[in-house]
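The next block holds one structure in the form of C-alpha cells; read it before the comments.
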Amino acid sequence: MRAAVLTGPGAVEVAGDWPEPECGPDDVVVAVRAVGVCGSDLAVVDGKRAVPGLPWALGHEAIGDIVRVGGNVAPGRLGERVAVEPNFPCLTCPACAAGRTAVCPNRRILGINEPGALRERLTVPARFAWTAPPGLADEDLVCVEPLAVALAAVSRAGLTAGERCLVVGAGAQGLLVCLAARALGAVPFVVDPHEGRLATAAELGAAAMPPGADFPVVFETSGVPVALETAVERCGPDGRIVLIGQSAVPARLSTFAVVQRRLTLLGCLIYDHPADFAAAVARAAELRPGRILRGRFPLERAGDAFAQARKLPGKTWITLEEPSR
C-alpha cells in the first residue's frame with residue numbers, strides 16, 4: 001500500500017510498497033481518509049526530532065473508516081468513521097493511574113516512536129479510535145486531535161469567561177487556542193509576524209495585540225525561543241504563561257521579571273486520556289475547528305503539503321482517495 005515517508009532530512013516521498021498492517025485482538029484497522037499536518041511532523045521532516053529509522057511513515061492526526069476489527073472488538077464497529085487519538089499511553093503506570101496519561105513514560109506516539117498515519121491503512125488500539133458524531137464534516141474531524149490540545153491548554157490555564165488572554169503565535173495550534181478561548185467566553189488577542197495568520201485569527205474572533213498591554217494569561221504556541229520573551233514581557237502581575245510550543249534551542253528568560261511579577265509558567269503537553277479527547281470529539285460540531293484549514297493536498301503531493309504548511313495562514317491536510325482503500 002501507499003505511504004508518505006521520510007527518506008532523509010527534508011525528503012518526503014510516496015512509497016508504494018509499505019507493508020499492510022496487522023490487527024491484534026484489541027485493535028482495529030482504519031482505512032485512512034485524511035491526515036492533518038502538525039508542527040511536530042515538520043520537526044521530524046527537518047531532522048529536529050529523531051525517529052527510530054528511515055524510511056519513516058509520517059503524520060499522526062488521522063481520520064478514517066474501520067475496515068477490520070480484532071477478536072475482542074465489537075463487530076458492530078466495522079464501517080465506523082473515526083478520529084484517531086495518536087498517543088497511546090500504557091494505562092498501567094503510576095502516571096496513567098493518576099490520570100496524567102500525557103506524561104506516561106511508555107507512551108506510544110504515531111509518527112514519532114511508531115510509524116505514522118500517512119498510509120492507506122493503519123492499525124490502532126480500538127479504544128483510541130473515536131467514533132465521529134453523525135454529520136460532522138471530515139474538515140472538522142481531522143482537526144479534533146489538535147483541538148484536544150487547545151482545549152486541554154485552556155483548561156490547564158484556568159482561563160475564565162471574560163478574562164483577557166494573549167496567544168503568541170497564530171499557527172494552527174495558536175488559532176485553535178483562540179477558538180477555544182473565544183468559545184469559553186474569554187477575550188483572546190494574538191501576536192504573529194505573519195499577516196495572513198493574523199487575518200485568520202480575526203476570523204475566529206481574536207484581536208491583534210494592542211501596544212503596551214499586558215494580560216493575565218498568555219499562551220505561547222510557536223515554540224520559537226524569542227516568543228517566550230514576548231510571553232514574559234506581556235504577562236501581567238500574578239499572570240500565568242502556558243507553554244504549548246516546544247524547542248530544543250534554549251530561550252532567554254529573565255528570572256527578575258518572573259519573580260518580580262510573580263509569574264507562573266505551566267508546561268502543557270498534549271492532553272490526558274480519555275476525558276480531554278472525548279471533550280474535543282463532543283465539541284467539534286459546535287466549535288467547527290475545520291475553519292482553520294487552508295491547504296488540501298492528495299497523498300501524491302505530501303511533500304508539497306509539508307512545504308506549504310510553513311507558508312499558509314492556517315492548517316494543511318492530506319487526503320487519500322476512496323478507490324485506493
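Lettering and numbering for the C-alpha cells are positional, with chains as A, B, ... in the shown order, residues counted from 1 in each chain, and ligands counted from 1 in the shown order.
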Open item on the list: Quick one: residues within 12 Å of segment 66-70 of chain A, only C-alpha atoms, excluding same-chain residues fewer than 5 positions away - as a VMD selection string?
Closed with: chain A and resid 21 to 33 75 to 84 120 to 127 129 to 132 325
Hey, what does DSSP flag as strand (DSSP E) within segment 24-270 of chain A? Can you give it to me as a PDB file with N, CA and C atoms, in the first residue's frame?
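And here's states_14.pdb as it stands now:
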ATOM      1  N   ASP A  27      -7.384  -4.450  18.574  1.00  0.00           N
ATOM      2  CA  ASP A  27      -7.123  -3.392  17.600  1.00  0.00           C
ATOM      3  C   ASP A  27      -8.240  -3.277  16.573  1.00  0.00           C
ATOM      4  N   VAL A  28      -8.169  -2.174  15.833  1.00  0.00           N
ATOM      5  CA  VAL A  28      -8.953  -2.018  14.611  1.00  0.00           C
ATOM      6  C   VAL A  28      -8.004  -1.553  13.515  1.00  0.00           C
ATOM      7  N   VAL A  29      -8.354  -1.870  12.276  1.00  0.00           N
ATOM      8  CA  VAL A  29      -7.626  -1.335  11.124  1.00  0.00           C
ATOM      9  C   VAL A  29      -8.486  -0.229  10.521  1.00  0.00           C
ATOM     10  N   VAL A  30      -7.868   0.926  10.330  1.00  0.00           N
ATOM     11  CA  VAL A  30      -8.560   2.104   9.807  1.00  0.00           C
ATOM     12  C   VAL A  30      -8.074   2.390   8.396  1.00  0.00           C
ATOM     13  N   ALA A  31      -9.008   2.489   7.451  1.00  0.00           N
ATOM     14  CA  ALA A  31      -8.683   2.988   6.112  1.00  0.00           C
ATOM     15  C   ALA A  31      -8.652   4.508   6.208  1.00  0.00           C
ATOM     16  N   VAL A  32      -7.497   5.080   6.005  1.00  0.00           N
ATOM     17  CA  VAL A  32      -7.287   6.499   6.296  1.00  0.00           C
ATOM     18  C   VAL A  32      -7.936   7.376   5.225  1.00  0.00           C
ATOM     19  N   ARG A  33      -8.745   8.326   5.671  1.00  0.00           N
ATOM     20  CA  ARG A  33      -9.350   9.322   4.788  1.00  0.00           C
ATOM     21  C   ARG A  33      -8.443  10.547   4.625  1.00  0.00           C
ATOM     22  N   ALA A  34      -7.898  11.025   5.742  1.00  0.00           N
ATOM     23  CA  ALA A  34      -7.130  12.266   5.722  1.00  0.00           C
ATOM     24  C   ALA A  34      -6.253  12.340   6.953  1.00  0.00           C
ATOM     25  N   VAL A  35      -5.191  13.150   6.842  1.00  0.00           N
ATOM     26  CA  VAL A  35      -4.251  13.370   7.942  1.00  0.00           C
ATOM     27  C   VAL A  35      -3.881  14.848   7.955  1.00  0.00           C
ATOM     28  N   GLY A  36      -3.974  15.478   9.122  1.00  0.00           N
ATOM     29  CA  GLY A  36      -3.551  16.860   9.263  1.00  0.00           C
ATOM     30  C   GLY A  36      -2.047  16.950   9.450  1.00  0.00           C
ATOM     31  N   TRP A  56      10.611   6.425   7.064  1.00  0.00           N
ATOM     32  CA  TRP A  56       9.733   6.544   8.224  1.00  0.00           C
ATOM     33  C   TRP A  56       8.385   7.118   7.793  1.00  0.00           C
ATOM     34  N   ALA A  57       7.296   6.398   8.088  1.00  0.00           N
ATOM     35  CA  ALA A  57       5.959   6.891   7.760  1.00  0.00           C
ATOM     36  C   ALA A  57       5.632   8.082   8.657  1.00  0.00           C
ATOM     37  N   GLU A  61      -2.281  12.935  12.818  1.00  0.00           N
ATOM     38  CA  GLU A  61      -3.644  13.449  13.001  1.00  0.00           C
ATOM     39  C   GLU A  61      -4.582  12.821  11.967  1.00  0.00           C
ATOM     40  N   ALA A  62      -4.939  11.550  12.186  1.00  0.00           N
ATOM     41  CA  ALA A  62      -5.635  10.774  11.159  1.00  0.00           C
ATOM     42  C   ALA A  62      -7.120  10.612  11.445  1.00  0.00           C
ATOM     43  N   ILE A  63      -7.883  10.536  10.353  1.00  0.00           N
ATOM     44  CA  ILE A  63      -9.285  10.128  10.411  1.00  0.00           C
ATOM     45  C   ILE A  63      -9.496   9.066   9.337  1.00  0.00           C
ATOM     46  N   GLY A  64     -10.526   8.258   9.512  1.00  0.00           N
ATOM     47  CA  GLY A  64     -10.792   7.228   8.500  1.00  0.00           C
ATOM     48  C   GLY A  64     -11.946   6.336   8.900  1.00  0.00           C
ATOM     49  N   ASP A  65     -12.018   5.177   8.257  1.00  0.00           N
ATOM     50  CA  ASP A  65     -13.113   4.233   8.453  1.00  0.00           C
ATOM     51  C   ASP A  65     -12.565   2.884   8.921  1.00  0.00           C
ATOM     52  N   ILE A  66     -13.204   2.304   9.908  1.00  0.00           N
ATOM     53  CA  ILE A  66     -12.778   0.995  10.404  1.00  0.00           C
ATOM     54  C   ILE A  66     -13.150  -0.082   9.384  1.00  0.00           C
ATOM     55  N   VAL A  67     -12.141  -0.818   8.921  1.00  0.00           N
ATOM     56  CA  VAL A  67     -12.370  -1.854   7.909  1.00  0.00           C
ATOM     57  C   VAL A  67     -12.062  -3.254   8.421  1.00  0.00           C
ATOM     58  N   ARG A  68     -11.541  -3.350   9.655  1.00  0.00           N
ATOM     59  CA  ARG A  68     -11.258  -4.661  10.239  1.00  0.00           C
ATOM     60  C   ARG A  68     -11.222  -4.501  11.747  1.00  0.00           C
ATOM     61  N   VAL A  69     -11.707  -5.473  12.465  1.00  0.00           N
ATOM     62  CA  VAL A  69     -11.695  -5.425  13.931  1.00  0.00           C
ATOM     63  C   VAL A  69     -11.057  -6.680  14.490  1.00  0.00           C
ATOM     64  N   ARG A  81     -16.825   5.678  11.035  1.00  0.00           N
ATOM     65  CA  ARG A  81     -15.885   6.759  10.717  1.00  0.00           C
ATOM     66  C   ARG A  81     -15.319   7.266  12.030  1.00  0.00           C
ATOM     67  N   VAL A  82     -14.000   7.367  12.118  1.00  0.00           N
ATOM     68  CA  VAL A  82     -13.359   7.639  13.407  1.00  0.00           C
ATOM     69  C   VAL A  82     -12.273   8.707  13.280  1.00  0.00           C
ATOM     70  N   ALA A  83     -11.994   9.329  14.427  1.00  0.00           N
ATOM     71  CA  ALA A  83     -10.787  10.138  14.602  1.00  0.00           C
ATOM     72  C   ALA A  83      -9.822   9.319  15.453  1.00  0.00           C
ATOM     73  N   VAL A  84      -8.563   9.304  15.071  1.00  0.00           N
ATOM     74  CA  VAL A  84      -7.548   8.535  15.782  1.00  0.00           C
ATOM     75  C   VAL A  84      -6.918   9.412  16.861  1.00  0.00           C
ATOM     76  N   ASN A  87      -1.795   9.247  20.508  1.00  0.00           N
ATOM     77  CA  ASN A  87      -0.915   8.996  21.639  1.00  0.00           C
ATOM     78  C   ASN A  87      -1.516   7.851  22.459  1.00  0.00           C
ATOM     79  N   PHE A  88      -0.766   6.748  22.573  1.00  0.00           N
ATOM     80  CA  PHE A  88      -1.285   5.556  23.229  1.00  0.00           C
ATOM     81  C   PHE A  88      -0.560   5.353  24.563  1.00  0.00           C
ATOM     82  N   ARG A 108       3.175   5.413  23.453  1.00  0.00           N
ATOM     83  CA  ARG A 108       3.460   5.168  22.038  1.00  0.00           C
ATOM     84  C   ARG A 108       2.868   6.323  21.243  1.00  0.00           C
ATOM     85  N   ILE A 109       3.636   6.836  20.285  1.00  0.00           N
ATOM     86  CA  ILE A 109       3.232   8.040  19.573  1.00  0.00           C
ATOM     87  C   ILE A 109       3.353   7.802  18.073  1.00  0.00           C
ATOM     88  N   ARG A 121      -3.731   2.298   5.153  1.00  0.00           N
ATOM     89  CA  ARG A 121      -4.380   1.573   6.240  1.00  0.00           C
ATOM     90  C   ARG A 121      -3.483   1.584   7.469  1.00  0.00           C
ATOM     91  N   LEU A 122      -4.118   1.649   8.637  1.00  0.00           N
ATOM     92  CA  LEU A 122      -3.409   1.897   9.878  1.00  0.00           C
ATOM     93  C   LEU A 122      -4.028   1.070  10.998  1.00  0.00           C
ATOM     94  N   THR A 123      -3.200   0.417  11.803  1.00  0.00           N
ATOM     95  CA  THR A 123      -3.685  -0.292  12.983  1.00  0.00           C
ATOM     96  C   THR A 123      -3.695   0.632  14.185  1.00  0.00           C
ATOM     97  N   VAL A 124      -4.812   0.616  14.911  1.00  0.00           N
ATOM     98  CA  VAL A 124      -4.987   1.476  16.080  1.00  0.00           C
ATOM     99  C   VAL A 124      -5.615   0.644  17.194  1.00  0.00           C
ATOM    100  N   PRO A 125      -5.147   0.766  18.448  1.00  0.00           N
ATOM    101  CA  PRO A 125      -5.908   0.148  19.539  1.00  0.00           C
ATOM    102  C   PRO A 125      -7.346   0.672  19.522  1.00  0.00           C
ATOM    103  N   ALA A 129      -9.643   4.800  18.862  1.00  0.00           N
ATOM    104  CA  ALA A 129     -10.358   5.156  17.626  1.00  0.00           C
ATOM    105  C   ALA A 129     -11.731   5.666  18.037  1.00  0.00           C
ATOM    106  N   TRP A 130     -11.932   6.967  17.906  1.00  0.00           N
ATOM    107  CA  TRP A 130     -13.124   7.636  18.427  1.00  0.00           C
ATOM    108  C   TRP A 130     -14.171   7.815  17.338  1.00  0.00           C
ATOM    109  N   THR A 131     -15.367   7.304  17.601  1.00  0.00           N
ATOM    110  CA  THR A 131     -16.456   7.373  16.633  1.00  0.00           C
ATOM    111  C   THR A 131     -16.837   8.823  16.355  1.00  0.00           C
ATOM    112  N   ARG A 164      -9.123  38.261  29.707  1.00  0.00           N
ATOM    113  CA  ARG A 164      -8.305  38.540  28.521  1.00  0.00           C
ATOM    114  C   ARG A 164      -7.122  37.591  28.488  1.00  0.00           C
ATOM    115  N   CYS A 165      -6.775  37.134  27.282  1.00  0.00           N
ATOM    116  CA  CYS A 165      -5.590  36.305  27.137  1.00  0.00           C
ATOM    117  C   CYS A 165      -4.877  36.680  25.851  1.00  0.00           C
ATOM    118  N   LEU A 166      -3.581  36.422  25.837  1.00  0.00           N
ATOM    119  CA  LEU A 166      -2.766  36.658  24.642  1.00  0.00           C
ATOM    120  C   LEU A 166      -2.267  35.319  24.124  1.00  0.00           C
ATOM    121  N   VAL A 167      -2.418  35.104  22.829  1.00  0.00           N
ATOM    122  CA  VAL A 167      -1.898  33.905  22.173  1.00  0.00           C
ATOM    123  C   VAL A 167      -0.696  34.328  21.330  1.00  0.00           C
ATOM    124  N   VAL A 168       0.470  33.846  21.699  1.00  0.00           N
ATOM    125  CA  VAL A 168       1.698  34.168  20.972  1.00  0.00           C
ATOM    126  C   VAL A 168       1.908  33.088  19.914  1.00  0.00           C
ATOM    127  N   VAL A 187     -11.535  36.560  26.163  1.00  0.00           N
ATOM    128  CA  VAL A 187     -11.280  37.571  25.132  1.00  0.00           C
ATOM    129  C   VAL A 187      -9.858  37.371  24.612  1.00  0.00           C
ATOM    130  N   PRO A 188      -9.687  36.656  23.484  1.00  0.00           N
ATOM    131  CA  PRO A 188      -8.338  36.367  23.002  1.00  0.00           C
ATOM    132  C   PRO A 188      -7.762  37.479  22.128  1.00  0.00           C
ATOM    133  N   PHE A 189      -6.484  37.757  22.351  1.00  0.00           N
ATOM    134  CA  PHE A 189      -5.685  38.623  21.494  1.00  0.00           C
ATOM    135  C   PHE A 189      -4.553  37.766  20.940  1.00  0.00           C
ATOM    136  N   VAL A 190      -3.967  38.183  19.846  1.00  0.00           N
ATOM    137  CA  VAL A 190      -2.958  37.347  19.200  1.00  0.00           C
ATOM    138  C   VAL A 190      -1.837  38.211  18.646  1.00  0.00           C
ATOM    139  N   VAL A 191      -0.630  37.643  18.636  1.00  0.00           N
ATOM    140  CA  VAL A 191       0.512  38.297  18.004  1.00  0.00           C
ATOM    141  C   VAL A 191       1.231  37.275  17.134  1.00  0.00           C
ATOM    142  N   ALA A 207      -8.404  39.377  18.432  1.00  0.00           N
ATOM    143  CA  ALA A 207      -7.960  40.711  18.044  1.00  0.00           C
ATOM    144  C   ALA A 207      -6.442  40.779  18.087  1.00  0.00           C
ATOM    145  N   ALA A 208      -5.859  41.678  17.286  1.00  0.00           N
ATOM    146  CA  ALA A 208      -4.413  41.883  17.310  1.00  0.00           C
ATOM    147  C   ALA A 208      -3.995  42.466  18.654  1.00  0.00           C
ATOM    148  N   PHE A 215      -1.415  40.960  30.002  1.00  0.00           N
ATOM    149  CA  PHE A 215      -2.527  40.011  30.058  1.00  0.00           C
ATOM    150  C   PHE A 215      -2.363  39.081  31.255  1.00  0.00           C
ATOM    151  N   PRO A 216      -3.483  38.679  31.858  1.00  0.00           N
ATOM    152  CA  PRO A 216      -3.388  37.738  32.981  1.00  0.00           C
ATOM    153  C   PRO A 216      -3.016  36.324  32.564  1.00  0.00           C
ATOM    154  N   VAL A 217      -3.300  35.990  31.304  1.00  0.00           N
ATOM    155  CA  VAL A 217      -2.959  34.664  30.786  1.00  0.00           C
ATOM    156  C   VAL A 217      -2.326  34.827  29.410  1.00  0.00           C
ATOM    157  N   VAL A 218      -1.192  34.151  29.201  1.00  0.00           N
ATOM    158  CA  VAL A 218      -0.524  34.154  27.898  1.00  0.00           C
ATOM    159  C   VAL A 218      -0.255  32.712  27.485  1.00  0.00           C
ATOM    160  N   PHE A 219      -0.622  32.379  26.261  1.00  0.00           N
ATOM    161  CA  PHE A 219      -0.341  31.066  25.682  1.00  0.00           C
ATOM    162  C   PHE A 219       0.791  31.225  24.667  1.00  0.00           C
ATOM    163  N   GLU A 220       1.890  30.491  24.858  1.00  0.00           N
ATOM    164  CA  GLU A 220       2.973  30.507  23.869  1.00  0.00           C
ATOM    165  C   GLU A 220       2.853  29.231  23.053  1.00  0.00           C
ATOM    166  N   CYS A 235       2.977  39.322  29.973  1.00  0.00           N
ATOM    167  CA  CYS A 235       2.191  38.715  31.048  1.00  0.00           C
ATOM    168  C   CYS A 235       2.173  39.658  32.248  1.00  0.00           C
ATOM    169  N   GLY A 236       0.989  39.940  32.745  1.00  0.00           N
ATOM    170  CA  GLY A 236       0.842  40.880  33.842  1.00  0.00           C
ATOM    171  C   GLY A 236       1.137  40.261  35.197  1.00  0.00           C
ATOM    172  N   PRO A 237       1.149  41.074  36.262  1.00  0.00           N
ATOM    173  CA  PRO A 237       1.423  40.580  37.616  1.00  0.00           C
ATOM    174  C   PRO A 237       0.489  39.435  38.009  1.00  0.00           C
ATOM    175  N   ASP A 238       1.085  38.414  38.646  1.00  0.00           N
ATOM    176  CA  ASP A 238       0.359  37.209  39.049  1.00  0.00           C
ATOM    177  C   ASP A 238      -0.240  36.460  37.861  1.00  0.00           C
ATOM    178  N   GLY A 239       0.324  36.673  36.676  1.00  0.00           N
ATOM    179  CA  GLY A 239      -0.196  36.043  35.471  1.00  0.00           C
ATOM    180  C   GLY A 239       0.316  34.629  35.274  1.00  0.00           C
ATOM    181  N   ARG A 240      -0.339  33.933  34.338  1.00  0.00           N
ATOM    182  CA  ARG A 240       0.017  32.554  34.007  1.00  0.00           C
ATOM    183  C   ARG A 240       0.471  32.493  32.557  1.00  0.00           C
ATOM    184  N   ILE A 241       1.615  31.875  32.322  1.00  0.00           N
ATOM    185  CA  ILE A 241       2.119  31.636  30.972  1.00  0.00           C
ATOM    186  C   ILE A 241       2.036  30.147  30.692  1.00  0.00           C
ATOM    187  N   VAL A 242       1.261  29.781  29.681  1.00  0.00           N
ATOM    188  CA  VAL A 242       1.069  28.374  29.322  1.00  0.00           C
ATOM    189  C   VAL A 242       1.911  28.084  28.088  1.00  0.00           C
ATOM    190  N   LEU A 243       2.834  27.150  28.211  1.00  0.00           N
ATOM    191  CA  LEU A 243       3.766  26.822  27.130  1.00  0.00           C
ATOM    192  C   LEU A 243       3.284  25.577  26.406  1.00  0.00           C
ATOM    193  N   THR A 264       3.605  32.586  36.814  1.00  0.00           N
ATOM    194  CA  THR A 264       3.571  31.118  36.845  1.00  0.00           C
ATOM    195  C   THR A 264       3.733  30.596  35.429  1.00  0.00           C
ATOM    196  N   LEU A 265       4.715  29.696  35.228  1.00  0.00           N
ATOM    197  CA  LEU A 265       4.924  29.064  33.925  1.00  0.00           C
ATOM    198  C   LEU A 265       4.391  27.632  33.984  1.00  0.00           C
ATOM    199  N   LEU A 266       3.495  27.306  33.046  1.00  0.00           N
ATOM    200  CA  LEU A 266       2.869  25.988  33.007  1.00  0.00           C
ATOM    201  C   LEU A 266       3.200  25.298  31.691  1.00  0.00           C
ATOM    202  N   GLY A 267       3.875  24.169  31.757  1.00  0.00           N
ATOM    203  CA  GLY A 267       4.060  23.367  30.556  1.00  0.00           C
ATOM    204  C   GLY A 267       2.791  22.583  30.279  1.00  0.00           C
TER     205      GLY A 267
END
Open item on the list: Neighbouring residues of segment 274-289 of chain A were defined as those with any atom within 8 Å, considering only C-alpha atoms; residues of the same chain fewer than 6 positions away were excluded. Please report them as a VMD selection string.
Closed with: chain A and resid 85 130 132 to 133 136 139 to 141 143 to 145 147 to 148 151 to 152 176 179 to 180 183
- [ ] Would you please work out which residue, of A:His60, A:His194, A:Arg291, A:Lys315, is nearest to Glu114 of chain A when using only C-alpha atoms?
- [x]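 Residue with the minimum atom-to-atom distance to Glu114 of chain A: A:His60.
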Open item on the list: Just want the 10 Å neighbourhood of segment 249-255 of chain A, counted on only C-alpha atoms, with same-chain residues fewer than 2 positions away dropped. Output as a ChimeraX atom specification.
Closed with: /A:223-229,232-233,246-247,257-263
Output file for the residues above (N, CA and C atoms, as a CSV table (one decimal), in the first residue's frame):
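The result, written out as result.csv:
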chain,number,residue,atom,x,y,z
A,223,GLY,N,6.8,27.8,20.0
A,223,GLY,CA,8.0,27.1,20.2
A,223,GLY,C,9.2,27.9,19.8
A,224,VAL,N,9.1,29.0,19.2
A,224,VAL,CA,10.2,29.9,18.8
A,224,VAL,C,10.8,30.5,20.1
A,225,PRO,N,12.1,30.4,20.4
A,225,PRO,CA,12.7,30.9,21.6
A,225,PRO,C,12.3,32.3,21.9
A,226,VAL,N,12.4,33.2,20.9
A,226,VAL,CA,12.1,34.6,21.2
A,226,VAL,C,10.7,34.8,21.6
A,227,ALA,N,9.8,33.9,21.2
A,227,ALA,CA,8.4,34.1,21.6
A,227,ALA,C,8.2,34.0,23.1
A,228,LEU,N,9.1,33.2,23.8
A,228,LEU,CA,9.0,33.2,25.3
A,228,LEU,C,9.3,34.5,25.9
A,229,GLU,N,10.2,35.3,25.3
A,229,GLU,CA,10.5,36.6,25.7
A,229,GLU,C,9.2,37.5,25.6
A,232,VAL,N,6.7,36.5,28.4
A,232,VAL,CA,7.0,37.1,29.7
A,232,VAL,C,6.8,38.6,29.7
A,233,GLU,N,7.2,39.2,28.7
A,233,GLU,CA,7.0,40.7,28.6
A,233,GLU,C,5.6,41.1,28.7
A,246,GLN,N,7.2,23.8,21.5
A,246,GLN,CA,8.4,23.2,22.0
A,246,GLN,C,9.6,23.5,21.1
A,247,SER,N,10.8,23.7,21.8
A,247,SER,CA,12.0,23.9,21.0
A,247,SER,C,13.2,23.4,21.9
A,257,ALA,N,12.1,39.3,36.0
A,257,ALA,CA,10.7,39.6,35.6
A,257,ALA,C,9.8,38.5,36.1
A,258,VAL,N,10.2,37.3,36.1
A,258,VAL,CA,9.3,36.2,36.6
A,258,VAL,C,9.0,36.4,38.1
A,259,VAL,N,10.0,36.7,38.9
A,259,VAL,CA,9.9,36.8,40.3
A,259,VAL,C,9.2,38.1,40.7
A,260,GLN,N,9.6,39.2,40.1
A,260,GLN,CA,9.0,40.5,40.4
A,260,GLN,C,7.5,40.6,40.1
A,261,ARG,N,7.1,39.9,39.1
A,261,ARG,CA,5.7,39.9,38.7
A,261,ARG,C,5.0,38.6,39.1
A,262,ARG,N,5.7,37.8,39.9
A,262,ARG,CA,5.1,36.5,40.4
A,262,ARG,C,4.4,35.7,39.3
A,263,LEU,N,5.1,35.5,38.3
A,263,LEU,CA,4.5,34.8,37.1
A,263,LEU,C,4.6,33.3,37.4
Open item on the list: Please compute the atom CA of Pro86 of chain A-atom CA of Thr319 of chain A distance, one decimal, in Å.
Closed with: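 Value for the atom CA of Pro86 of chain A-atom CA of Thr319 of chain A distance: 17.4 Å.
The smallest atom-to-atom distance between Ala305 of chain A and any of A:Gly290, A:Gly59, A:Gly169, A:Gly16, using only C-alpha atoms, is found for A:Gly59.
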- [ ] Find the distance between atom CA of Ala74 of chain A and atom CA of Met1 of chain A and write it in Å to one decimal.
- [x]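 Interatomic distance, atom CA of Ala74 of chain A to atom CA of Met1 of chain A: 26.2 Å.
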- [ ] Compare A:Pro298, A:Gly174, A:Pro94, A:Gly158 by their minimum atom-to-atom distance to Leu320 of chain A, counting only C-alpha atoms, and give me the closest one.
- [x] A:Pro298
TODO: For Ala153 of chain A, list every protein, DNA or RNA residue within 8 Å, evaluated using only C-alpha atoms, and leave out those in the same chain fewer than 3 positions away; present the list as a list of chain:residue names.
DONE: A:Val149, A:Ala150, A:Arg156, A:Ala157, A:Val177, A:Val242, A:Ile244, A:Cys268
TODO: Grab the atom CA of Thr200 of chain A to atom CA of Arg182 of chain A distance for me, in Å with one decimal place.
DONE: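 Value for the atom CA of Thr200 of chain A-atom CA of Arg182 of chain A distance: 13.9 Å.
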Task: Nearest-residue call for Ile112 of chain A, choices A:Met209, A:Ala97, A:Ala231, A:Leu58, using only C-alpha atoms - done: A:Leu58
- [ ] Select, from A:Asp46, A:Asp304, A:Ala199, A:Gln173, the residue with the minimum atom-to-atom distance to Gly245 of chain A, counting only C-alpha atoms.
- [x] A:Gln173
TODO: Run DSSP on the backbone and give me the residues of segment 10-178 of chain A it puts in alpha helix (DSSP H), as a VMD selection string.
DONE: chain A and resid 39 to 45 94 to 97 138 to 141 144 to 157 172 to 178
What would the file look like if the residues just selected were written as a PDB file, in the first residue's frame with C-alpha atoms?
ATOM      1  CA  GLY A  39       4.383  21.267  13.774  1.00  0.00           C
ATOM      2  CA  SER A  40       5.772  18.096  15.340  1.00  0.00           C
ATOM      3  CA  ASP A  41       5.570  16.427  11.907  1.00  0.00           C
ATOM      4  CA  LEU A  42       7.567  19.311  10.449  1.00  0.00           C
ATOM      5  CA  ALA A  43      10.185  18.839  13.164  1.00  0.00           C
ATOM      6  CA  VAL A  44      10.541  15.200  12.093  1.00  0.00           C
ATOM      7  CA  VAL A  45      10.837  16.189   8.427  1.00  0.00           C
ATOM      8  CA  PRO A  94       1.616   5.425  38.144  1.00  0.00           C
ATOM      9  CA  ALA A  95       1.148   8.466  35.893  1.00  0.00           C
ATOM     10  CA  CYS A  96      -1.662   6.785  33.963  1.00  0.00           C
ATOM     11  CA  ALA A  97      -3.252   5.527  37.188  1.00  0.00           C
ATOM     12  CA  ASP A 138     -14.168  15.497   7.575  1.00  0.00           C
ATOM     13  CA  GLU A 139     -12.703  19.005   7.749  1.00  0.00           C
ATOM     14  CA  ASP A 140     -13.751  19.301  11.396  1.00  0.00           C
ATOM     15  CA  LEU A 141     -12.966  15.691  12.271  1.00  0.00           C
ATOM     16  CA  VAL A 144     -10.133  17.064  16.521  1.00  0.00           C
ATOM     17  CA  GLU A 145      -6.684  15.996  17.755  1.00  0.00           C
ATOM     18  CA  PRO A 146      -5.119  19.490  17.791  1.00  0.00           C
ATOM     19  CA  LEU A 147      -8.418  20.819  19.160  1.00  0.00           C
ATOM     20  CA  ALA A 148      -7.948  18.435  22.111  1.00  0.00           C
ATOM     21  CA  VAL A 149      -4.530  20.033  22.707  1.00  0.00           C
ATOM     22  CA  ALA A 150      -6.067  23.523  22.654  1.00  0.00           C
ATOM     23  CA  LEU A 151      -8.940  22.650  24.966  1.00  0.00           C
ATOM     24  CA  ALA A 152      -6.549  20.978  27.425  1.00  0.00           C
ATOM     25  CA  ALA A 153      -4.304  24.059  27.424  1.00  0.00           C
ATOM     26  CA  VAL A 154      -7.204  26.431  28.059  1.00  0.00           C
ATOM     27  CA  SER A 155      -8.335  24.207  30.912  1.00  0.00           C
ATOM     28  CA  ARG A 156      -4.825  23.965  32.406  1.00  0.00           C
ATOM     29  CA  ALA A 157      -4.545  27.747  32.285  1.00  0.00           C
ATOM     30  CA  ALA A 172      -2.613  26.067  13.573  1.00  0.00           C
ATOM     31  CA  GLN A 173      -2.298  25.415  17.312  1.00  0.00           C
ATOM     32  CA  GLY A 174      -2.479  29.093  18.175  1.00  0.00           C
ATOM     33  CA  LEU A 175      -5.587  29.502  16.032  1.00  0.00           C
ATOM     34  CA  LEU A 176      -7.282  26.633  17.830  1.00  0.00           C
ATOM     35  CA  VAL A 177      -6.379  28.123  21.218  1.00  0.00           C
ATOM     36  CA  CYS A 178      -8.016  31.376  20.060  1.00  0.00           C
TER      37      CYS A 178
END
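If only C-alpha atoms are the atoms counted, then among A:Leu6, A:Ala186, A:Leu312, A:Leu293 the closest residue to Ala161 of chain A is A:Ala186.
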Open item on the list: List the spatial neighbours of Phe297 of chain A as a ChimeraX atom specification - criterion: any atom at most 8 Å away, only C-alpha atoms, same-chain residues fewer than 2 positions off excluded.
Closed with: /A:295,299-302,304-305,316-319
